[in-house]
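The block underneath contains the structure these notes are about, expressed in structure tokens.
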Amino acid sequence: MTARDDLLDLLVEDARHTTADLARMTDLTEDEVEAALADLESEGVVAGYQAIVDWEKTDREVVRATVELNVTLDRETGYGDIAERLARFPQVKTLRLVSGDYDFLMEVEGSSMHDVSIFISEKVAPVPEVTQTVTHYVMTTYKDRGVALNDDDDDDRLSVSP
Amino acid sequence: MGLDISERVRSVPPSGIRRFFELAEERDDVISLGVGEPDFSAPWAARDAAIDSLERGRTSYTSNRGLLELRQAISGHVEDRYDLGYDADEEILVTTGVSEAVDATLRALVDPGDTVAVVEPAYISYVPGVIFAGGEPLRVPTREADEFKLTYEALESAGAADADLLMLCYPNNPTGAVMTGEELEPVAEFCREHDIGVLSDEIYAELQYENEHTSIATLPGMRERTVVFNGFSKAYAMTGLRLGYAMAPPEVTTAINRVHQYGMLSAPTTAQYAALEALRSCDDEVEAMVDEYDRRRRFVLSRFDEMGIDCFRARGAFYVFPEVPTDESAEAFAEGLLREEGVAMVPGDAFGDGGEGHLRVSYATGLDDLREAMARFEAYISD
Ligand SMILES: Cc1ncc(COP(=O)(O)O)c(C=O)c1O
């Protein structure tokens, strides 16, 4: 594994590791870590850093939906063009082209169900290439980006053992 | 005569680790770097296989030696990973942890008065195991100057030439030391010269960060005089499932099985199904755990280095073994650290000769806790 791979694994696990800790864990110097991170960012390999939030534990109402989209293509319009248009909406958090019965799988976020419905019906469905949308509202999230929510990971080991 | 405790049991004191456990239990803000088992749970596929076996009602004994399928899987695994060739029918015995394997082997091979050389610092069960089996332990200390590797000279100067058996463990608990094939060769030579049998506890074989594991049984002339122990507790984070195995030539395996057959009957059935699945499908999880341990190892070594504490570069298991930074005994230092900063480490002398003046620091604990524990350690020594 290269130092870059090592750093990527560490950041995926916890993007808040300090440069000093990253250096300690990889046997690089802090300067080398800084330089590698700068490269990863400028090359777009690391596209951003975000927290994984369990909104159900806050007062804020965050409504999420997964939307299946079918589209038609023509000579002038490819998947990339449609995706670009959809991705510009800030409500769209994730957009992926997938194999199977539909073309795009889109994750949308809003502050209420109404909000999300309006967005789908007024902004997404009218896009000329979109032929069908199926919206699934998220009821509960159990695991998000590899992190189990509501996980009681109590350490039940003996505190000192041979 | 009532229930008189045997001479043998009375001669073995309770483990020094116990006292630290009790001290640590007295307060609830303790960060423990004194734990000798993984902080992960067993891979889900293995747990799921255990559950499935229960749902199917597989709750009877297995054959004494363990499920044949499991022994076959073990045979394939040790061949792939360590170049060890052991026959599933005749040379592998599945046991209730390496603990039982070591105990049964000592009872199968030791006659009253036989000498068993035990390389120290060592896992705490070996010397009592020898005594319970009626043997005489001979301690062979290793030194930090040798990175706690066993040398020909150490064997010689401890008088191990007259020993009948040699008990060793690399990667080592408590030091984290490992030995390469080249470094094991002089040890093998000593054993061949003096016709000594080897009991090699390789339970940490998978947890090595800079080398591939070499089993002493793969060296010339060693297979016939070695019993290899391995198990699922460490690599697969399955300590509570209690599963290990012994591998040895047929007559020796039969002898160990004689003790196991009467003393244990068979290893836990549910755990055997979990282990089978662990071998079949959990390589990726093991690799991920090994990567994680390695990061923590580097982190802890770097932190001790920054604090100016002498700590040799441990390359295996999940322990580092720094020197006590004051002129106190390891015990006094560890007790002070626990009382004042709420950080538990085990004094090295709990693991026998050669461990005094050192602390066993386990990194089988998440990075957040390691970070905090190191900060408290630093605060403690700079007061
Ligand atoms: C070196 C060594 N051998 C054996 C054991 C016991 O292993 P098991 O859980 O397989 O009985 C341990 C556990 O700490 C150990 O460190």
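Residues in the structure tokens are numbered from 1 in each chain, the chains being A, B, ... in the order shown, and ligands are numbered from 1 in the order shown.
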
> Once you count only C-alpha atoms and all ligand atoms, which residues end up within 9 Å of ligand 1, and could you hand them over as number ranges by chain?
Replying inline: A: 161-162; B: 35-37, 95-102, 122-126, 168-174, 201-204, 229-234, 238-245, 317

Can I get the selected residues back with C-alpha atoms, as a CSV table (one decimal), in the first residue's frame?
```
chain,number,residue,atom,x,y,z
A,161,SER,CA,-6.6,-9.1,31.1
A,162,PRO,CA,-3.6,-11.3,30.3
B,35,VAL,CA,-6.5,-5.4,27.8
B,36,GLY,CA,-5.1,-8.6,26.2
B,37,GLU,CA,-7.9,-9.1,23.6
B,95,THR,CA,-9.4,-27.3,21.2
B,96,THR,CA,-11.2,-24.9,23.6
B,97,GLY,CA,-8.8,-22.1,22.9
B,98,VAL,CA,-5.1,-22.2,22.7
B,99,SER,CA,-5.3,-22.3,26.5
B,100,GLU,CA,-6.7,-25.8,26.5
B,101,ALA,CA,-4.3,-26.8,23.7
B,102,VAL,CA,-1.2,-25.8,25.7
B,122,ALA,CA,5.7,-14.7,28.5
B,123,TYR,CA,2.0,-15.1,28.5
B,124,ILE,CA,1.1,-15.9,32.1
B,125,SER,CA,-0.3,-19.4,31.7
B,126,TYR,CA,2.8,-21.3,30.6
B,168,LEU,CA,8.0,-20.1,23.1
B,169,CYS,CA,5.6,-17.5,21.6
B,170,TYR,CA,6.4,-15.2,18.7
B,171,PRO,CA,4.8,-12.7,17.9
B,172,ASN,CA,5.0,-12.3,21.7
B,173,ASN,CA,2.6,-11.3,24.4
B,174,PRO,CA,3.6,-9.1,26.3
B,201,ASP,CA,2.3,-20.6,20.6
B,202,GLU,CA,1.7,-18.8,17.3
B,203,ILE,CA,-1.7,-17.3,18.2
B,204,TYR,CA,-0.6,-13.9,17.1
B,229,PHE,CA,-0.6,-23.8,18.6
B,230,ASN,CA,-2.9,-21.3,16.9
B,231,GLY,CA,-6.4,-20.2,17.3
B,232,PHE,CA,-9.2,-17.8,16.5
B,233,SER,CA,-9.1,-15.5,19.5
B,234,LYS,CA,-6.7,-12.8,18.2
B,238,MET,CA,-13.2,-14.5,18.8
B,239,THR,CA,-11.8,-14.7,22.3
B,240,GLY,CA,-15.2,-15.4,23.9
B,241,LEU,CA,-16.0,-18.2,21.5
B,242,ARG,CA,-13.0,-20.2,22.9
B,243,LEU,CA,-11.5,-21.9,19.9
B,244,GLY,CA,-8.0,-22.9,19.1
B,245,TYR,CA,-6.0,-25.8,17.7
B,317,ALA,CA,0.6,-8.8,18.4
```

>> Could you list, as a ChimeraX atom specification, every residue within 9 Å of Thr72 in chain A, counting only C-alpha atoms and ignoring same-chain residues fewer than 3 positions away?
In response: /A:77-79,128-131

Restricting it to N, CA and C atoms, dump the selection as an mmCIF file, in the first residue's frame.
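Output contents, as saved in part-v6.cif:
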```
data_model
loop_
_atom_site.group_PDB
_atom_site.id
_atom_site.type_symbol
_atom_site.label_atom_id
_atom_site.label_comp_id
_atom_site.auth_asym_id
_atom_site.auth_seq_id
_atom_site.Cartn_x
_atom_site.Cartn_y
_atom_site.Cartn_z
ATOM 1 N N THR A 77 -28.568 14.744 -26.488
ATOM 2 C CA THR A 77 -28.546 14.694 -25.030
ATOM 3 C C THR A 77 -28.110 13.324 -24.524
ATOM 4 N N GLY A 78 -27.028 13.295 -23.741
ATOM 5 C CA GLY A 78 -26.566 12.047 -23.128
ATOM 6 C C GLY A 78 -26.847 12.060 -21.636
ATOM 7 N N TYR A 79 -26.490 10.959 -20.993
ATOM 8 C CA TYR A 79 -26.679 10.880 -19.537
ATOM 9 C C TYR A 79 -25.973 12.028 -18.821
ATOM 10 N N PRO A 128 -37.369 17.683 -19.589
ATOM 11 C CA PRO A 128 -37.931 17.016 -20.771
ATOM 12 C C PRO A 128 -37.500 15.562 -20.933
ATOM 13 N N GLU A 129 -36.266 15.239 -20.573
ATOM 14 C CA GLU A 129 -35.789 13.871 -20.785
ATOM 15 C C GLU A 129 -36.302 12.895 -19.737
ATOM 16 N N VAL A 130 -36.805 13.421 -18.612
ATOM 17 C CA VAL A 130 -37.250 12.529 -17.534
ATOM 18 C C VAL A 130 -38.617 11.962 -17.891
ATOM 19 N N THR A 131 -38.713 10.628 -17.985
ATOM 20 C CA THR A 131 -39.982 10.021 -18.361
ATOM 21 C C THR A 131 -40.747 9.494 -17.164
#
```

> With distances taken over only C-alpha atoms, which of A:Val147, A:Val160, A:Ile52, A:Val71 is nearest to Pro126 in chain A?
Replying inline: A:Val71

>> If the cut-off is 6 Å, can you tell me the residues of chain B near chain A, counting only C-alpha atoms? I'd like them as an MDAnalysis selection string.
In response: chainID B and resid 21 32 34:36 295 298:299 302

> Just how far from CA of Glu206 in chain B is CA of Ala235 in chain B, in Å to one decimal?
Replying inline: 5.9 Å
